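Okay, coords_22.cif now, which holds mmCIF, C-alpha atoms:
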```
data_upload
#
loop_
_atom_site.label_atom_id
_atom_site.label_comp_id
_atom_site.auth_asym_id
_atom_site.auth_seq_id
_atom_site.Cartn_x
_atom_site.Cartn_y
_atom_site.Cartn_z
CA MET A 1 19.44 9.73 20.57
CA GLY A 2 21.22 11.78 17.93
CA LEU A 3 20.60 14.97 15.99
CA ARG A 4 17.02 16.04 16.67
CA PRO A 5 14.75 16.32 13.61
CA SER A 6 11.75 18.63 13.55
CA GLY A 7 8.19 17.36 13.22
CA THR A 8 9.06 13.71 12.77
CA VAL A 9 5.67 12.08 12.36
CA ARG A 10 4.59 9.62 9.70
CA ALA A 11 3.85 11.00 6.25
CA SER A 12 0.57 9.10 6.24
CA GLU A 13 -0.41 10.51 9.64
CA SER A 14 -3.27 12.47 8.08
CA THR A 15 -5.09 9.25 7.26
CA ASP A 16 -3.31 7.37 10.06
CA ARG A 17 -3.18 4.03 8.34
CA ARG A 18 -1.83 2.45 11.50
CA ARG A 19 -5.04 2.90 13.52
CA ARG A 20 -6.46 -0.49 14.37
CA ILE A 21 -9.49 -1.89 16.18
CA LEU A 22 -9.45 -5.47 17.37
CA VAL A 23 -12.39 -7.58 16.21
CA LEU A 24 -12.68 -10.46 18.66
CA GLY A 25 -15.30 -12.27 16.61
CA ALA A 26 -12.92 -12.62 13.69
CA ILE A 27 -10.73 -15.15 15.48
CA VAL A 28 -12.64 -18.01 13.87
CA LEU A 29 -10.73 -17.43 10.65
CA LEU A 30 -7.39 -18.10 12.32
CA CYS A 31 -8.06 -21.83 12.57
CA ALA A 32 -9.65 -22.15 9.13
CA ALA A 33 -8.21 -24.24 6.30
CA PHE A 34 -6.02 -22.23 3.93
CA LEU A 35 -5.60 -22.03 0.17
CA ALA A 36 -2.44 -21.74 -1.88
CA VAL A 37 -1.58 -19.37 -4.71
CA GLN A 38 0.88 -20.25 -7.42
CA ALA A 39 4.00 -18.14 -7.05
CA VAL A 40 5.26 -16.08 -9.97
CA THR A 41 8.94 -16.50 -10.84
CA ALA A 42 11.04 -13.70 -12.25
CA ASP A 43 14.55 -12.68 -13.15
CA PRO A 44 16.77 -11.84 -10.13
CA GLN A 45 16.60 -8.16 -11.02
CA ALA A 46 13.00 -8.31 -12.23
CA ARG A 47 10.99 -5.11 -12.19
CA THR A 48 7.67 -6.39 -13.44
CA ASN A 49 4.28 -4.83 -14.11
CA SER A 50 2.74 -7.98 -15.61
CA THR A 51 -0.69 -9.32 -14.79
CA PHE A 52 -1.25 -12.83 -13.47
CA THR A 53 -4.09 -15.25 -14.15
CA PRO A 54 -4.94 -17.16 -10.96
CA SER A 55 -4.52 -20.92 -11.06
CA GLN A 56 -6.95 -23.40 -9.52
CA ASP A 57 -5.07 -22.85 -6.27
CA ALA A 58 -6.08 -19.19 -6.36
CA PRO A 59 -9.83 -19.14 -7.01
CA ARG A 60 -11.62 -15.96 -7.91
CA ASN A 61 -13.08 -14.19 -4.89
CA ASP A 62 -16.86 -14.11 -5.45
CA THR A 63 -17.14 -10.69 -3.85
CA SER A 64 -16.72 -7.19 -5.23
CA THR A 65 -13.77 -5.01 -4.30
CA ASP A 66 -16.09 -2.66 -2.41
CA SER A 67 -17.37 -5.56 -0.30
CA ILE A 68 -13.91 -7.00 0.33
CA LEU A 69 -12.45 -3.64 1.37
CA ALA A 70 -15.57 -2.41 3.16
CA SER A 71 -15.25 -0.21 6.21
CA GLY A 72 -15.03 -2.37 9.33
CA ASN A 73 -13.47 -5.36 7.59
CA THR A 74 -10.21 -6.66 9.00
CA LEU A 75 -6.94 -7.54 7.29
CA LEU A 76 -4.92 -10.30 8.94
CA ALA A 77 -1.47 -11.46 7.87
CA VAL A 78 0.02 -14.69 9.18
CA GLN A 79 3.70 -15.32 8.55
CA THR A 80 3.31 -19.06 9.03
CA TYR A 81 1.25 -21.70 10.80
CA GLY A 82 2.83 -24.06 13.31
CA TRP A 83 6.36 -22.68 13.53
CA PHE A 84 8.91 -20.75 11.55
CA GLY A 85 10.07 -22.39 8.35
CA ASN A 86 6.76 -24.03 7.45
CA ASN A 87 6.24 -21.55 4.59
CA ASN A 88 2.44 -21.71 4.74
CA GLY A 89 1.60 -18.08 5.43
CA LYS A 90 -1.35 -16.14 4.08
CA ALA A 91 -3.21 -12.84 4.19
CA LEU A 92 -6.95 -12.67 4.79
CA ILE A 93 -9.73 -10.11 5.02
CA THR A 94 -12.69 -10.87 7.24
CA THR A 95 -15.97 -9.15 8.04
CA PRO A 96 -16.83 -8.10 11.61
CA ASN A 97 -18.77 -11.36 12.11
CA GLY A 98 -15.74 -13.45 11.15
CA THR A 99 -16.64 -14.33 7.56
CA THR A 100 -13.56 -14.52 5.35
CA VAL A 101 -14.16 -12.56 2.14
CA TRP A 102 -10.63 -12.60 0.74
CA THR A 103 -7.63 -14.91 0.98
CA TYR A 104 -4.17 -14.78 -0.51
CA ALA A 105 -1.97 -17.79 0.27
CA PRO A 106 1.05 -17.97 -2.03
CA SER A 107 2.45 -21.49 -2.12
CA ASN A 108 5.58 -22.38 -0.14
CA SER A 109 5.78 -18.82 1.18
CA SER A 110 5.84 -16.66 4.27
CA VAL A 111 3.67 -13.53 4.27
CA PHE A 112 4.74 -10.34 6.02
CA ASP A 113 3.63 -6.77 5.30
CA ALA A 114 0.26 -6.13 3.63
CA GLU A 115 -1.69 -2.95 3.12
CA VAL A 116 -4.64 -1.59 1.18
CA THR A 117 -3.56 1.07 -1.32
CA ASP A 118 -5.35 4.16 -2.54
CA ASN A 119 -5.97 2.22 -5.77
CA GLN A 120 -8.22 -0.22 -3.85
CA THR A 121 -5.64 -2.97 -4.29
CA VAL A 122 -3.73 -4.96 -1.67
CA LEU A 123 0.07 -4.69 -1.47
CA VAL A 124 1.71 -7.79 0.07
CA SER A 125 5.33 -8.66 0.92
CA VAL A 126 6.02 -12.34 0.21
CA ALA A 127 9.09 -14.55 0.63
CA THR A 128 8.88 -17.81 -1.36
CA ALA A 129 11.22 -20.76 -0.82
CA VAL A 130 12.59 -21.98 -4.17
CA ASP A 131 14.14 -25.39 -4.91
CA THR A 132 17.81 -25.29 -5.94
CA GLU A 133 17.19 -26.31 -9.56
CA ASN A 134 14.81 -23.36 -10.01
CA CYS A 135 17.18 -20.79 -8.51
CA PRO A 136 19.36 -18.46 -10.56
CA VAL A 137 22.78 -19.94 -11.34
CA ARG A 138 24.53 -17.81 -8.75
CA TYR A 139 22.42 -19.42 -5.99
CA GLN A 140 22.46 -23.05 -7.15
CA GLU A 141 25.35 -24.09 -4.94
CA GLY A 142 23.23 -23.84 -1.81
CA ASP A 143 20.18 -25.68 -0.52
CA GLY A 144 17.59 -23.63 -2.37
CA CYS A 145 17.08 -19.86 -2.45
CA VAL A 146 14.34 -17.32 -1.79
CA GLN A 147 12.33 -15.18 -4.15
CA ASN A 148 11.21 -11.94 -2.52
CA ARG A 149 8.22 -10.23 -4.06
CA VAL A 150 6.19 -7.15 -3.35
CA VAL A 151 2.94 -7.85 -5.17
CA GLU A 152 -0.04 -5.59 -5.75
CA LEU A 153 -3.23 -7.62 -6.07
CA ASN A 154 -6.68 -7.02 -7.46
CA PRO A 155 -8.69 -8.36 -4.52
CA GLU A 156 -11.57 -9.58 -6.71
CA THR A 157 -9.39 -11.94 -8.75
CA ASN A 158 -6.01 -12.05 -6.99
CA ALA A 159 -4.50 -11.00 -10.30
CA VAL A 160 -1.09 -9.37 -9.85
CA VAL A 161 -1.40 -5.87 -11.29
CA TRP A 162 2.14 -4.86 -10.31
CA GLN A 163 5.11 -6.50 -8.67
CA TYR A 164 8.76 -6.03 -7.86
CA ALA A 165 10.81 -9.20 -7.33
CA TRP A 166 14.34 -10.38 -6.68
CA TYR A 167 16.13 -13.55 -5.62
CA ASP A 168 18.44 -13.97 -2.65
CA ALA A 169 20.72 -16.69 -1.32
CA PHE A 170 18.31 -18.33 1.12
CA GLN A 171 15.16 -17.55 3.03
CA THR A 172 16.29 -17.26 6.64
CA HIS A 173 17.05 -13.59 7.44
CA HIS A 174 16.88 -12.80 3.72
CA GLU A 175 13.11 -12.37 3.39
CA VAL A 176 11.36 -9.08 2.62
CA HIS A 177 9.60 -7.89 5.78
CA ASP A 178 8.16 -4.52 4.84
CA ALA A 179 7.00 -2.51 1.83
CA ASP A 180 4.90 0.66 1.92
CA ARG A 181 3.14 2.47 -0.91
CA LEU A 182 4.17 6.11 -0.79
CA PRO A 183 1.97 9.17 -1.44
CA ASN A 184 3.75 9.77 -4.79
CA GLY A 185 2.86 6.26 -6.01
CA GLU A 186 6.32 4.78 -5.48
CA THR A 187 6.96 1.89 -3.11
CA ALA A 188 9.45 1.87 -0.23
CA ILE A 189 11.03 -1.53 0.50
CA ILE A 190 13.34 -2.86 3.20
CA ASP A 191 15.75 -5.59 2.04
CA MET A 192 17.50 -7.32 4.93
CA GLY A 193 19.40 -9.79 2.75
CA ASN A 194 21.22 -6.99 0.96
CA ASN A 195 21.28 -4.60 3.94
CA ARG A 196 19.51 -1.86 2.03
CA ALA A 197 16.42 0.31 1.87
CA PHE A 198 15.14 1.58 -1.44
CA THR A 199 12.21 3.04 -3.35
CA VAL A 200 10.96 1.89 -6.72
CA ASN A 201 8.53 3.52 -9.14
CA SER A 202 5.70 1.87 -11.06
CA GLY A 203 8.02 1.11 -13.96
CA GLY A 204 10.39 -0.84 -11.73
CA GLU A 205 13.11 1.80 -11.64
CA ILE A 206 14.93 2.25 -8.32
CA THR A 207 14.58 5.93 -7.47
CA TRP A 208 16.48 5.98 -4.17
CA SER A 209 18.58 3.54 -2.19
CA TRP A 210 20.46 3.47 1.09
CA SER A 211 23.16 0.95 1.92
CA ALA A 212 23.90 -0.13 5.49
CA ASN A 213 27.14 -1.64 4.17
CA LYS A 214 28.35 1.89 3.46
CA LYS A 215 26.71 3.82 6.28
CA LEU A 216 27.04 1.33 9.17
CA GLY A 217 30.14 -0.55 8.08
CA PRO A 218 33.86 -0.14 8.79
CA LYS A 219 35.27 3.40 8.66
CA SER A 220 31.77 4.92 8.59
CA THR A 221 30.94 7.88 10.81
CA PHE A 222 28.27 5.77 12.47
CA ARG A 223 30.73 2.97 13.27
CA GLU A 224 33.17 5.40 14.83
CA GLN A 225 30.47 6.91 17.05
CA TYR A 226 28.30 3.91 17.93
CA GLY A 227 30.15 0.73 17.05
CA GLY A 228 27.92 -2.22 16.26
CA PRO A 229 28.12 -5.91 15.37
CA GLU A 230 30.75 -6.99 12.89
CA ARG A 231 29.72 -8.40 9.54
CA THR A 232 30.97 -12.00 9.42
CA GLY A 233 30.19 -12.84 5.79
CA ALA A 234 28.43 -11.72 2.65
CA GLU A 235 25.25 -13.65 3.54
CA SER A 236 25.45 -13.30 7.33
CA ASP A 237 22.53 -11.94 9.35
CA TRP A 238 24.29 -8.64 9.98
CA THR A 239 21.68 -5.87 10.16
CA HIS A 240 18.32 -7.72 9.91
CA MET A 241 16.68 -4.50 8.68
CA ASN A 242 12.97 -5.11 9.16
CA ASP A 243 10.95 -1.90 8.82
CA ILE A 244 10.77 1.29 6.77
CA ASP A 245 8.47 4.28 7.27
CA LEU A 246 8.29 7.65 5.57
CA LEU A 247 8.18 10.50 8.08
CA GLN A 248 6.33 13.75 7.51
CA ASN A 249 9.57 15.68 7.12
CA GLY A 250 10.49 13.48 4.13
CA ASN A 251 13.03 11.36 5.96
CA TYR A 252 12.89 7.58 6.34
CA GLN A 253 12.73 5.74 9.64
CA LEU A 254 14.53 2.39 9.50
CA SER A 255 14.56 -0.40 12.07
CA ILE A 256 18.02 -2.01 12.26
CA ARG A 257 17.11 -5.00 14.44
CA ASN A 258 20.53 -6.52 15.08
CA PHE A 259 21.93 -3.13 16.06
CA ASP A 260 19.12 -2.61 18.64
CA MET A 261 18.45 0.73 16.97
CA VAL A 262 15.91 2.74 15.04
CA ILE A 263 17.52 5.35 12.81
CA GLU A 264 16.32 8.27 10.72
CA VAL A 265 17.87 8.83 7.30
CA ASP A 266 17.69 11.98 5.19
CA PRO A 267 17.21 10.66 1.61
CA ARG A 268 18.68 13.86 0.14
CA THR A 269 22.07 13.17 1.70
CA ASN A 270 21.68 9.54 2.90
CA GLU A 271 23.08 10.67 6.23
CA ILE A 272 21.75 9.39 9.56
CA VAL A 273 20.20 12.40 11.32
CA ASP A 274 18.68 10.77 14.40
CA THR A 275 18.90 7.52 16.35
CA VAL A 276 17.02 5.69 19.11
CA GLY A 277 18.89 3.00 21.04
CA ARG A 278 22.48 1.91 20.81
CA PRO A 279 24.19 -1.32 19.68
CA GLY A 280 24.36 -3.75 22.59
CA ASP A 281 22.46 -1.50 25.02
CA THR A 282 19.53 -3.86 25.42
CA LYS A 283 18.00 -1.86 28.28
CA ILE A 284 16.50 0.43 25.61
CA LEU A 285 15.84 -1.89 22.67
CA ASN A 286 16.65 -5.53 22.08
CA HIS A 287 16.05 -6.82 18.53
CA GLN A 288 12.96 -4.65 18.01
CA HIS A 289 10.25 -4.78 15.35
CA ASN A 290 7.81 -2.33 13.76
CA PRO A 291 8.47 1.06 15.39
CA GLN A 292 5.60 3.53 15.18
CA ARG A 293 6.22 7.24 15.64
CA LEU A 294 3.63 8.90 17.90
CA GLY A 295 4.01 12.61 17.34
CA SER A 296 7.51 14.06 17.16
CA ASP A 297 9.09 12.78 20.38
CA THR A 298 7.61 9.35 21.13
CA LEU A 299 8.31 5.95 19.59
CA LEU A 300 6.05 2.96 20.22
CA VAL A 301 7.87 -0.27 19.45
CA ALA A 302 7.73 -4.03 19.96
CA ASP A 303 10.89 -4.62 22.02
CA SER A 304 10.98 -8.25 20.97
CA GLU A 305 13.87 -9.88 22.81
CA ASN A 306 12.94 -8.01 25.98
CA ASN A 307 9.43 -9.49 25.62
CA ARG A 308 7.68 -6.17 26.08
CA ILE A 309 6.08 -3.18 24.37
CA VAL A 310 7.65 0.19 25.11
CA GLU A 311 7.22 3.88 24.49
CA ILE A 312 10.50 5.74 24.20
CA ASP A 313 11.14 9.47 24.46
CA THR A 314 13.23 9.96 21.33
CA SER A 315 14.89 13.09 22.70
CA THR A 316 16.43 11.27 25.67
CA ASP A 317 16.21 7.54 24.81
CA THR A 318 14.19 7.12 28.00
CA VAL A 319 11.64 4.31 28.22
CA THR A 320 8.46 6.00 29.46
CA TRP A 321 5.89 3.18 29.23
CA ILE A 322 6.12 -0.61 29.38
CA TYR A 323 3.63 -3.40 28.81
CA ASP A 324 4.66 -7.06 29.14
CA ALA A 325 1.25 -8.77 29.66
CA SER A 326 2.14 -9.73 33.23
CA ASP A 327 -1.54 -9.16 34.01
CA THR A 328 -2.53 -12.12 31.80
CA ASP A 329 -1.99 -15.87 32.13
CA ARG A 330 1.36 -15.54 30.36
CA ARG A 331 3.87 -12.78 29.66
CA LEU A 332 4.63 -11.61 26.15
CA GLN A 333 6.92 -13.87 24.15
CA TRP A 334 8.73 -12.13 21.31
CA PRO A 335 6.08 -9.56 20.34
CA ARG A 336 6.61 -8.22 16.84
CA ASP A 337 4.09 -5.42 16.47
CA ALA A 338 2.35 -2.81 18.61
CA ASP A 339 0.01 -0.14 17.31
CA ARG A 340 -1.74 2.65 19.14
CA LEU A 341 -5.49 2.68 18.54
CA PRO A 342 -7.60 5.86 18.31
CA ASN A 343 -9.01 5.28 21.82
CA GLY A 344 -5.52 5.07 23.34
CA ASN A 345 -5.40 1.29 23.68
CA THR A 346 -2.56 -0.65 22.13
CA LEU A 347 -2.93 -3.64 19.79
CA ILE A 348 -0.14 -6.16 20.29
CA THR A 349 0.99 -9.15 18.24
CA ASP A 350 2.34 -11.72 20.71
CA SER A 351 3.89 -14.02 18.13
CA ARG A 352 5.28 -16.91 20.18
CA ASN A 353 2.15 -17.10 22.32
CA PHE A 354 0.06 -17.29 19.12
CA ARG A 355 -2.24 -14.51 20.27
CA LEU A 356 -3.21 -10.86 19.90
CA LEU A 357 -3.79 -8.55 22.83
CA ARG A 358 -5.36 -5.17 23.34
CA SER A 359 -3.99 -3.33 26.36
CA THR A 360 -5.20 -0.07 27.84
CA ARG A 361 -2.93 2.95 28.22
CA ARG A 362 -2.93 2.26 31.97
CA VAL A 363 -1.30 -1.11 31.36
CA LYS A 364 -4.40 -3.18 32.08
CA LEU A 365 -5.56 -5.85 29.68
CA SER A 366 -8.87 -4.99 28.03
CA GLY A 367 -9.20 -7.95 25.72
CA GLY A 368 -7.31 -10.81 24.16
CA ILE A 369 -7.72 -13.66 21.72
CA ARG A 370 -5.88 -16.89 21.12
CA CYS A 371 -6.15 -19.63 18.55
CA GLU A 372 -5.54 -23.23 19.51
CA LYS A 373 -7.19 -26.29 18.04
CA ASN A 374 -6.98 -29.60 19.86
CA GLY A 375 -3.68 -28.43 21.30
CA GLU A 376 -1.91 -29.03 17.99
CA SER A 377 0.93 -26.63 17.36
CA SER A 378 0.59 -27.15 13.61
CA THR A 379 -2.60 -25.07 13.62
CA LYS A 380 -1.22 -22.15 15.59
CA PRO A 381 -0.64 -19.00 13.54
CA ILE A 382 2.41 -16.83 14.02
CA VAL A 383 0.57 -13.61 13.35
CA TRP A 384 2.36 -10.66 11.80
CA ASP A 385 -0.47 -8.16 12.36
CA TYR A 386 -4.23 -7.69 12.61
CA GLN A 387 -6.30 -4.58 12.04
CA ARG A 388 -9.63 -3.16 10.97
CA ASN A 389 -10.49 -0.86 8.10
CA GLN A 390 -12.17 2.43 8.91
CA PRO A 391 -13.65 5.16 6.68
CA THR A 392 -10.63 7.44 7.23
CA VAL A 393 -8.04 4.68 6.95
CA ARG A 394 -7.18 3.53 3.44
CA HIS A 395 -3.83 1.93 4.26
CA ILE A 396 -3.85 -1.15 6.48
CA THR A 397 -0.38 -2.46 7.18
CA ALA A 398 0.26 -6.06 8.32
CA ARG A 399 3.91 -6.42 9.47
#
```

In C-alpha cells, write the structure found in this file.
Amino acid sequence: MGLRPSGTVRASESTDRRRRILVLGAIVLLCAAFLAVQAVTADPQARTNSTFTPSQDAPRNDTSTDSILASGNTLLAVQTYGWFGNNNGKALITTPNGTTVWTYAPSNSSVFDAEVTDNQTVLVSVATAVDTENCPVRYQEGDGCVQNRVVELNPETNAVVWQYAWYDAFQTHHEVHDADRLPNGETAIIDMGNNRAFTVNSGGEITWSWSANKKLGPKSTFREQYGGPERTGAESDWTHMNDIDLLQNGNYQLSIRNFDMVIEVDPRTNEIVDTVGRPGDTKILNHQHNPQRLGSDTLLVADSENNRIVEIDTSTDTVTWIYDASDTDRRLQWPRDADRLPNGNTLITDSRNFRLLRSTRRVKLSGGIRCEKNGESSTKPIVWDYQRNQPTVRHITAR
C-alpha cells in the first residue's frame, strides 16, 4: 500500500481481454503430440520486422485466419511438458469440440505469454535455449545462453510478421514472461534477466524503459522505505519481474516476484506511485504471478508460494478472498495465473498439479480438468494459461 492512484483499471478493460471461459472438452489437445518450429536467431540487440518462411517443422495451417481466431475458440499456452527445463513448450488454438486448428511449437523453447492482436495476429513470448557455440561472444563462457523473442505470427502460415529479440546469459530466471500489445501499436515487455520493463515500437525503437536496478537498488527511495532482497551478482535472480500491464490511467503495473510486491509506475516520471505487498511479508504475497486489477481497489493474483489465489484490497493490503482448492482432491500447488470470468467464477492455472480449475466466487469448485496419460510425467503440461475467445474480446493473454 502506497500513494493511492485514481481509477487504476486496465487500459484494455473496455474489451476486457482477460475474460475467459473454460472449455472442458478441449482437454484432449493437452495430451496430443506436438510439432516444432525452427527458431529465428538474431543479433543481441536485434529489433527485427523481418518475415519468416516456415520450415518443414512448422507446416502451414490449412485453415483461414477467421476460422483459427473464431469466436469461441480457445488459446492455450504450455510452458513445457514433463517438468521445467524440458524446453518443449507450445501455444495452441482449439475449437470448442477440442479440434486443434493452430499450433506454434518453437524448437528447444519455453512458451509464456500469448495474445491475439487487433491485427488478427498472435503475439507470443518465447525463450529459446541456445548452444554455447551459437551464443554471442559475451555469453560463450557459460553453458549456453537464451534467446528471448516476442514474435507476432500470421496464424495461417506461422510466418513471423514482426519480432523483437535479445540474448541473455542463460535461460533460468532470464526468460521473457510477458509482452502485451498496447492500444497505440507499441509492445510492452517485461525483462527479468535485465531487471527492466520497456516498450518498443513497430520499428524496434525502445520508447520507454524502467530499471529496477535504479529504482529498487541501493540508495533508492524505495530501498530506504521498503528494503528488499540484496542483489548478489550481475546475473542473479534478483527481481524476477514477471508481468506488465497498462492501467487505464496510463501507468504500468509491474509484478516484482522476488520482492513479494506488485508496484505501479508512472511512465512520465518513472516513480513508483503505489504498491501492494512488502518484501518478506509473505502473509500478503509470496512470489506471486499475473496480477489482474479488478476495478480500482481490488487485485486478483496467483499467490504462488502460498499455494492460493487471493483478492487484495489495494487501499489497505488486506486479503479479502482466498481460494486454495481445499475442496478438491488436492490443494493448489504453485498456481501461476487466476482470471475473473464474466460470470464471477475464477479460472486458475494450477501448474504443479498439471490442471486447470474453475472456482465459483463462493469458493466452491464448479469444474476442473487434468491431463495425465498412463501416469507418465513426461506427458504432463505445465500450463501457463487457458482461455476462450469471445466476440468482444480480441486480446487473449496466455501467461

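Of the listed residues A:Phe259, A:Trp208, A:Tyr167, A:Phe354, the one whose atoms come nearest to His240 of chain A is A:Phe259, with distances taken using all atoms listed in the file.
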
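Excluding Asn195 of chain A itself and same-chain residues fewer than 4 positions from it, the residues having an atom within 9 Å of it are Ile190, Asp191, Trp210, Ser211, Ala212, Asn213, Trp238, Thr239, His240 and Met241 of chain A, counting all atoms listed in the file.
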
- Item | Result set, the PyMOL selection byres ((chain A and resi 136) around 9) on current file, as number ranges by chain | A: 43-44, 132-135, 137-140, 145, 167

- Tell me which of A:Asp131, A:Glu141, A:Glu205, A:Glu152 sits closest to Gln171 of chain A, counting only C-alpha atoms.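 Closest to Gln171 of chain A, using only C-alpha atoms: A:Asp131.
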
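Atom CA of Trp162 of chain A is found 19.7 Å from atom CA of Ser64 of chain A.
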
- Long-range neighbours of segment 278-294 of chain A as a VMD selection string, 9 Å cut-off, only C-alpha atoms, 2 positions minimum in chain: chain A and resid 1 8 to 10 18 226 to 229 240 242 to 245 247 253 to 262 275 to 276 296 to 307 310 312 317 to 319 335 to 340 399

- Message: Can you measure atom CA of Asn194 of chain A to atom CA of Arg231 of chain A for me? One decimal in Å is fine.
- Response: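 That distance, rounded to one decimal, is 12.2 Å.
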
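Interatomic distance, atom CA of Ala127 of chain A to atom CA of Leu341 of chain A: 28.8 Å.
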
- From the set A:Asn249, A:Thr349, A:Ser202, A:Ser67, which residue has the shortest atom-to-atom contact distance to Ile309 of chain A, counting only C-alpha atoms?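 Among A:Asn249, A:Thr349, A:Ser202, A:Ser67, it is A:Thr349 that comes nearest to Ile309 of chain A.
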
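Distance check against Val176 of chain A using only C-alpha atoms: of A:Val130, A:Gln79, A:Thr207, A:Gly250, the minimum falls on A:Gln79.
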
- Task: For Glu186 of chain A, please output as a list in words all residues within 10 Å (counting only C-alpha atoms; exclusion window: fewer than 4 positions along the same chain).
- Result: Asp180, Arg181, Leu182, Thr199, Val200, Asn201, Ser202, Gly203, Gly204, Glu205, Ile206 and Thr207 of chain A

Expected file contents, prior selection, C-alpha atoms, as a short mmCIF file (atom, residue, chain, number, x, y, z; two decimals), in the frame of the given file:
```
data_model
loop_
_atom_site.label_atom_id
_atom_site.label_comp_id
_atom_site.auth_asym_id
_atom_site.auth_seq_id
_atom_site.Cartn_x
_atom_site.Cartn_y
_atom_site.Cartn_z
CA ASP A 180 4.90 0.66 1.92
CA ARG A 181 3.14 2.47 -0.91
CA LEU A 182 4.17 6.11 -0.79
CA THR A 199 12.21 3.04 -3.35
CA VAL A 200 10.96 1.89 -6.72
CA ASN A 201 8.53 3.52 -9.14
CA SER A 202 5.70 1.87 -11.06
CA GLY A 203 8.02 1.11 -13.96
CA GLY A 204 10.39 -0.84 -11.73
CA GLU A 205 13.11 1.80 -11.64
CA ILE A 206 14.93 2.25 -8.32
CA THR A 207 14.58 5.93 -7.47
#
```

- Message: Can you translate the PyMOL selection byres ((chain A and resi 85-95) around 9) into the concrete residues it hits in this file, as a ChimeraX atom specification?
- Response: /A:26,29,34-36,68-70,72-84,96-112,114,124,126-129,171-172,381-382,398

- Nearest to Asp237 of chain A, restricted to all atoms listed in the file and choosing among A:Phe170, A:Tyr164, A:Phe198, A:Phe222, comes out as A:Phe170

- the PyMOL selection byres ((chain A and resi 119) around 12) applied to the shown file, residues as JSON, numbers by chain: {"A": [65, 66, 69, 115, 116, 117, 118, 120, 121, 122, 123, 152, 153, 154, 155, 161, 162, 181, 182, 183, 185, 394, 395]}

- Pick from A:Leu356, A:Gln225, A:Gly277, A:Glu156 nearest to Thr316 of chain A, counting only C-alpha atoms: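 Residue with the minimum atom-to-atom distance to Thr316 of chain A: A:Gly277.
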